[in-house]
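Content type mmCIF, C-alpha atoms and all ligand atoms, from the file upload.cif:
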```cif
data_my_file
#
loop_
_atom_site.label_atom_id
_atom_site.label_comp_id
_atom_site.auth_asym_id
_atom_site.auth_seq_id
_atom_site.Cartn_x
_atom_site.Cartn_y
_atom_site.Cartn_z
CA MET A 1 0.00 0.00 0.00
CA ASN A 2 1.40 3.40 -0.86
CA LYS A 3 1.40 6.21 1.62
CA LYS A 4 -1.52 8.10 0.04
CA ILE A 5 -3.89 5.12 0.06
CA CYS A 6 -2.84 4.37 3.57
CA MET A 7 -3.73 7.90 4.67
CA SER A 8 -7.17 7.84 3.06
CA ALA A 9 -7.87 4.44 4.56
CA ALA A 10 -7.01 5.89 7.96
CA LEU A 11 -9.34 8.86 7.38
CA VAL A 12 -12.18 6.58 6.28
CA SER A 13 -11.84 4.42 9.34
CA LEU A 14 -11.68 7.52 11.54
CA GLY A 15 -14.91 8.74 9.93
CA LEU A 16 -16.62 5.40 10.43
CA GLY A 17 -15.40 5.35 13.99
CA LEU A 18 -16.97 8.74 14.68
CA LEU A 19 -20.22 7.64 13.02
CA ALA A 20 -20.31 4.58 15.26
CA LEU A 21 -19.62 6.70 18.31
CA GLY A 22 -22.69 8.95 17.87
CA PRO A 23 -25.39 6.30 18.12
CA ALA A 24 -23.39 4.47 20.82
CA VAL A 25 -23.52 7.47 23.15
CA ASP A 26 -27.23 7.79 22.44
CA ALA A 27 -27.84 4.12 23.12
CA GLN A 28 -26.38 4.52 26.59
CA LYS A 29 -29.15 6.91 27.53
CA THR A 30 -31.99 4.71 26.37
CA LYS A 31 -30.49 1.47 27.67
CA GLY A 32 -27.49 0.45 29.73
CA LYS A 33 -24.65 -1.61 28.30
CA THR A 34 -25.34 -5.07 29.71
CA ARG A 35 -28.64 -5.19 31.62
CA PRO A 36 -31.96 -5.62 29.81
CA ALA A 37 -33.81 -2.68 31.43
CA ASP A 38 -34.33 0.21 29.05
CA THR A 39 -34.48 3.71 30.49
CA LYS A 40 -38.08 4.18 29.38
CA SER A 41 -39.21 1.17 31.44
CA LEU A 42 -37.34 2.40 34.52
CA MET A 43 -39.07 5.78 34.11
CA LYS A 44 -42.54 4.37 33.49
CA GLY A 45 -42.34 1.42 35.85
CA VAL A 46 -40.44 2.83 38.82
CA ILE A 47 -39.54 6.51 38.75
CA GLN A 48 -42.81 8.00 37.47
CA PRO A 49 -45.23 6.06 39.77
CA ASN A 50 -43.09 6.68 42.86
CA CYS A 51 -42.75 10.36 42.05
CA ALA A 52 -46.50 10.77 41.43
CA ALA A 53 -47.43 8.92 44.62
CA LEU A 54 -44.96 10.97 46.65
CA GLY A 55 -46.30 14.24 45.23
CA GLY A 56 -49.88 13.20 46.02
CA LEU A 57 -49.06 12.29 49.62
CA ILE A 58 -47.29 15.53 50.53
CA LYS A 59 -49.50 18.03 48.71
CA ASP A 60 -51.65 20.53 50.65
CA ALA A 61 -51.54 19.78 54.39
CA GLY A 62 -49.63 16.54 53.77
CA PRO A 63 -49.88 13.17 55.54
CA THR A 64 -52.16 12.96 58.57
CA ASP A 65 -50.94 9.72 60.15
CA ASP A 66 -47.82 7.58 60.60
CA LYS A 67 -48.88 5.18 57.90
CA ALA A 68 -48.98 7.94 55.31
CA TRP A 69 -45.58 9.26 56.44
CA ASP A 70 -44.20 5.72 56.08
CA LYS A 71 -45.41 5.76 52.49
CA VAL A 72 -43.66 9.07 51.89
CA ALA A 73 -40.45 7.50 53.21
CA LEU A 74 -40.98 4.43 51.00
CA HIS A 75 -41.29 6.44 47.78
CA ALA A 76 -38.34 8.62 48.78
CA VAL A 77 -36.02 5.64 49.26
CA VAL A 78 -37.06 4.04 45.98
CA LEU A 79 -36.38 7.30 44.13
CA ASN A 80 -33.08 7.63 45.99
CA GLU A 81 -32.04 4.17 44.85
CA MET A 82 -33.04 4.99 41.28
CA SER A 83 -30.59 7.89 41.31
CA TYR A 84 -27.86 5.22 41.48
CA VAL A 85 -29.51 2.97 38.89
CA VAL A 86 -29.60 5.72 36.25
CA MET A 87 -25.82 6.08 36.72
CA ASP A 88 -25.13 2.32 36.44
CA ASP A 89 -24.33 0.10 33.49
CA GLY A 90 -22.71 2.80 31.37
CA ARG A 91 -25.92 4.84 31.08
CA CYS A 92 -24.57 8.26 31.99
CA PRO A 93 -23.61 10.18 28.82
CA ASP A 94 -22.41 13.49 30.32
CA LYS A 95 -22.27 15.86 33.26
CA GLU A 96 -25.85 17.16 32.90
CA TRP A 97 -27.09 13.62 33.40
CA ALA A 98 -24.74 13.08 36.35
CA LEU A 99 -25.79 16.35 37.97
CA ALA A 100 -29.51 15.54 37.59
CA ALA A 101 -28.91 12.11 39.16
CA LYS A 102 -27.06 13.77 42.04
CA THR A 103 -29.91 16.25 42.57
CA LEU A 104 -32.44 13.40 42.53
CA ARG A 105 -30.29 11.60 45.12
CA GLU A 106 -29.87 14.59 47.44
CA CYS A 107 -33.47 15.78 47.24
CA SER A 108 -34.95 12.31 47.79
CA ALA A 109 -32.65 11.87 50.81
CA LYS A 110 -33.93 15.21 52.10
CA VAL A 111 -37.56 14.11 51.58
CA LEU A 112 -36.76 10.96 53.56
CA GLU A 113 -35.26 13.02 56.37
CA CYS A 114 -38.38 15.22 56.42
CA ALA A 115 -40.65 12.15 56.44
CA LYS A 116 -38.88 10.93 59.57
CA ALA A 117 -39.32 14.37 61.15
CA LYS A 118 -42.92 14.68 59.80
CA ASP A 119 -41.95 18.03 58.31
CA VAL A 120 -44.45 18.82 55.51
CA ASP A 121 -42.94 22.16 54.47
CA GLY A 122 -39.47 20.67 54.29
CA ALA A 123 -40.73 17.69 52.29
CA GLN A 124 -42.55 19.95 49.84
CA GLY A 125 -39.45 22.09 49.35
CA ALA A 126 -37.24 19.04 48.77
CA PHE A 127 -39.82 17.57 46.40
CA LYS A 128 -39.66 20.72 44.30
CA GLY A 129 -35.92 20.22 43.95
CA LEU A 130 -36.50 16.55 43.14
CA THR A 131 -38.86 17.29 40.24
CA GLY A 132 -36.37 19.90 39.07
CA ALA A 133 -33.94 17.00 38.52
CA CYS A 134 -36.49 15.21 36.28
CA ALA A 135 -36.95 18.38 34.23
CA ALA A 136 -33.22 19.10 33.95
CA CYS A 137 -32.36 15.63 32.70
CA HIS A 138 -35.30 15.52 30.30
CA LYS A 139 -34.44 18.93 28.86
CA ALA A 140 -30.95 17.72 28.06
CA HIS A 141 -31.61 14.09 27.14
CA LYS A 142 -35.21 13.12 26.49
CA ALA A 143 -36.22 13.13 22.84
CA LYS A 144 -39.07 15.60 22.24
C1 LIG B 201 -30.61 11.31 34.72
C2 LIG B 201 -31.63 11.52 33.73
C3 LIG B 201 -33.09 11.42 34.09
C4 LIG B 201 -33.70 11.75 35.28
C5 LIG B 201 -33.07 12.29 36.55
C6 LIG B 201 -35.10 11.49 35.09
N1 LIG B 201 -35.35 11.03 33.84
FE1 LIG B 201 -37.18 10.50 33.09
N2 LIG B 201 -36.30 10.06 31.31
C7 LIG B 201 -34.95 10.15 31.02
C8 LIG B 201 -34.72 9.78 29.63
C9 LIG B 201 -33.38 9.72 28.93
C10 LIG B 201 -35.98 9.47 29.10
C11 LIG B 201 -36.28 9.02 27.65
C12 LIG B 201 -36.09 7.53 27.53
C13 LIG B 201 -36.38 7.03 26.15
O1 LIG B 201 -37.23 7.62 25.45
O2 LIG B 201 -35.78 6.04 25.77
C14 LIG B 201 -36.95 9.67 30.18
C15 LIG B 201 -38.31 9.45 30.04
C16 LIG B 201 -39.24 9.62 31.03
C17 LIG B 201 -40.66 9.36 30.90
C18 LIG B 201 -41.34 8.91 29.61
C19 LIG B 201 -41.40 7.41 29.53
C20 LIG B 201 -42.14 7.01 28.26
O3 LIG B 201 -43.18 6.37 28.38
O4 LIG B 201 -41.68 7.38 27.17
C21 LIG B 201 -41.26 9.64 32.10
C22 LIG B 201 -42.73 9.53 32.46
C23 LIG B 201 -40.21 10.07 33.00
N3 LIG B 201 -38.98 10.04 32.32
C24 LIG B 201 -40.40 10.46 34.30
C25 LIG B 201 -39.40 10.96 35.13
C26 LIG B 201 -39.63 11.52 36.44
C27 LIG B 201 -40.98 11.68 37.11
C28 LIG B 201 -38.40 11.88 36.93
C29 LIG B 201 -38.04 12.51 38.25
C30 LIG B 201 -38.53 11.92 39.46
C31 LIG B 201 -37.41 11.53 35.92
N4 LIG B 201 -38.06 10.98 34.85
C32 LIG B 201 -36.06 11.73 36.07
C33 LIG B 201 -33.95 10.55 31.87
C34 LIG B 201 -34.15 10.97 33.18
#
```
How would this structure read if it were set down as structure tokens?
Ligand code: HEC
Amino acid sequence: MNKKICMSAALVSLGLGLLALGPAVDAQKTKGKTRPADTKSLMKGVIQPNCAALGGLIKDAGPTDDKAWDKVALHAVVLNEMSYVVMDDGRCPDKEWALAAKTLRECSAKVLECAKAKDVDGAQGAFKGLTGACAACHKAHKAK
């Protein structure tokens, strides 16, 4: 192979490599590298229902008995755990994603703390931050 052909072959393979890289980064967001769970299913099956239930429990005057506060704590821990899951298995594409996961983690931990203290105002404030994490990640990474 002469030098010129060799160079163009290198450029072609670089180009193909970059083409392959684009969809690969995208694929990480919609599904991890090795586990079967796609991101959509985690959102629909775990994150969304727990977030909606949590929001319903703490709205207005908030929970009125221990049982309801226990449910608040339950949804908060599940959402907290999910903040780790979205970072696992090569899913995280960039720092916006990582920051949103961190916000979800910190705010759900704060909701849990407030549930233990039966602090409605605190829980509502932390929940606002929590839903801000959903919005931030979706703005950057969810297809419109
Ligand atoms: C770290 C990023 C990230 C965070 C945080 C996040 N999401 Fe998502 N979410 C996504 C991505 C990416 C998709 C699109 C997945 C796809 O279409 O394959 C999505 C999709 C969804 C969907 C649509 C599922 C469908 O049927 O298409 C819902 C509902 C959802 N998220 C709810 C939430 C809620 C509620 C929160 C906050 C408690 C949240 N998400 C936090 C990344 C995130």
| Mind listing the residues within 8 Å of ligand LIG 201 (chain B), only C-alpha atoms and all ligand atoms counted, as an MDAnalysis selection string? | chainID A and resid 29:31 38:41 43:44 47:52 79 83 86:87 92 96:101 103:104 130:138 141:143
| task | In the coordinate frame of the file, compute which residues have an atom within 6 Å of (-29.5, 5.7, 41.8) when using all atoms listed in the file, and state them as a ChimeraX atom specification. | result | /A:80-86
| request: Could you tell me how far atom CA of A:Gln124 lies from atom CA of A:Ile58, in Å and to one decimal? | output: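 Interatomic distance here is 6.5 Å.
With all atoms listed in the file as the atoms that count, the residue of A:Asp121, A:Asp94, A:Glu113, A:Asp65 with the shortest distance to A:Gln28 is A:Asp94.
The gap separating atom CA of A:Trp69 from atom CA of A:Lys118 is 6.9 Å, in Å to one decimal.
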| request: Please indicate the distance in Å from atom CA of A:Lys110 to atom CA of A:Pro63, rounded to one decimal place. | output: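 Taking atom CA of A:Lys110 as the start and atom CA of A:Pro63 as the end point, the length is 16.4 Å.
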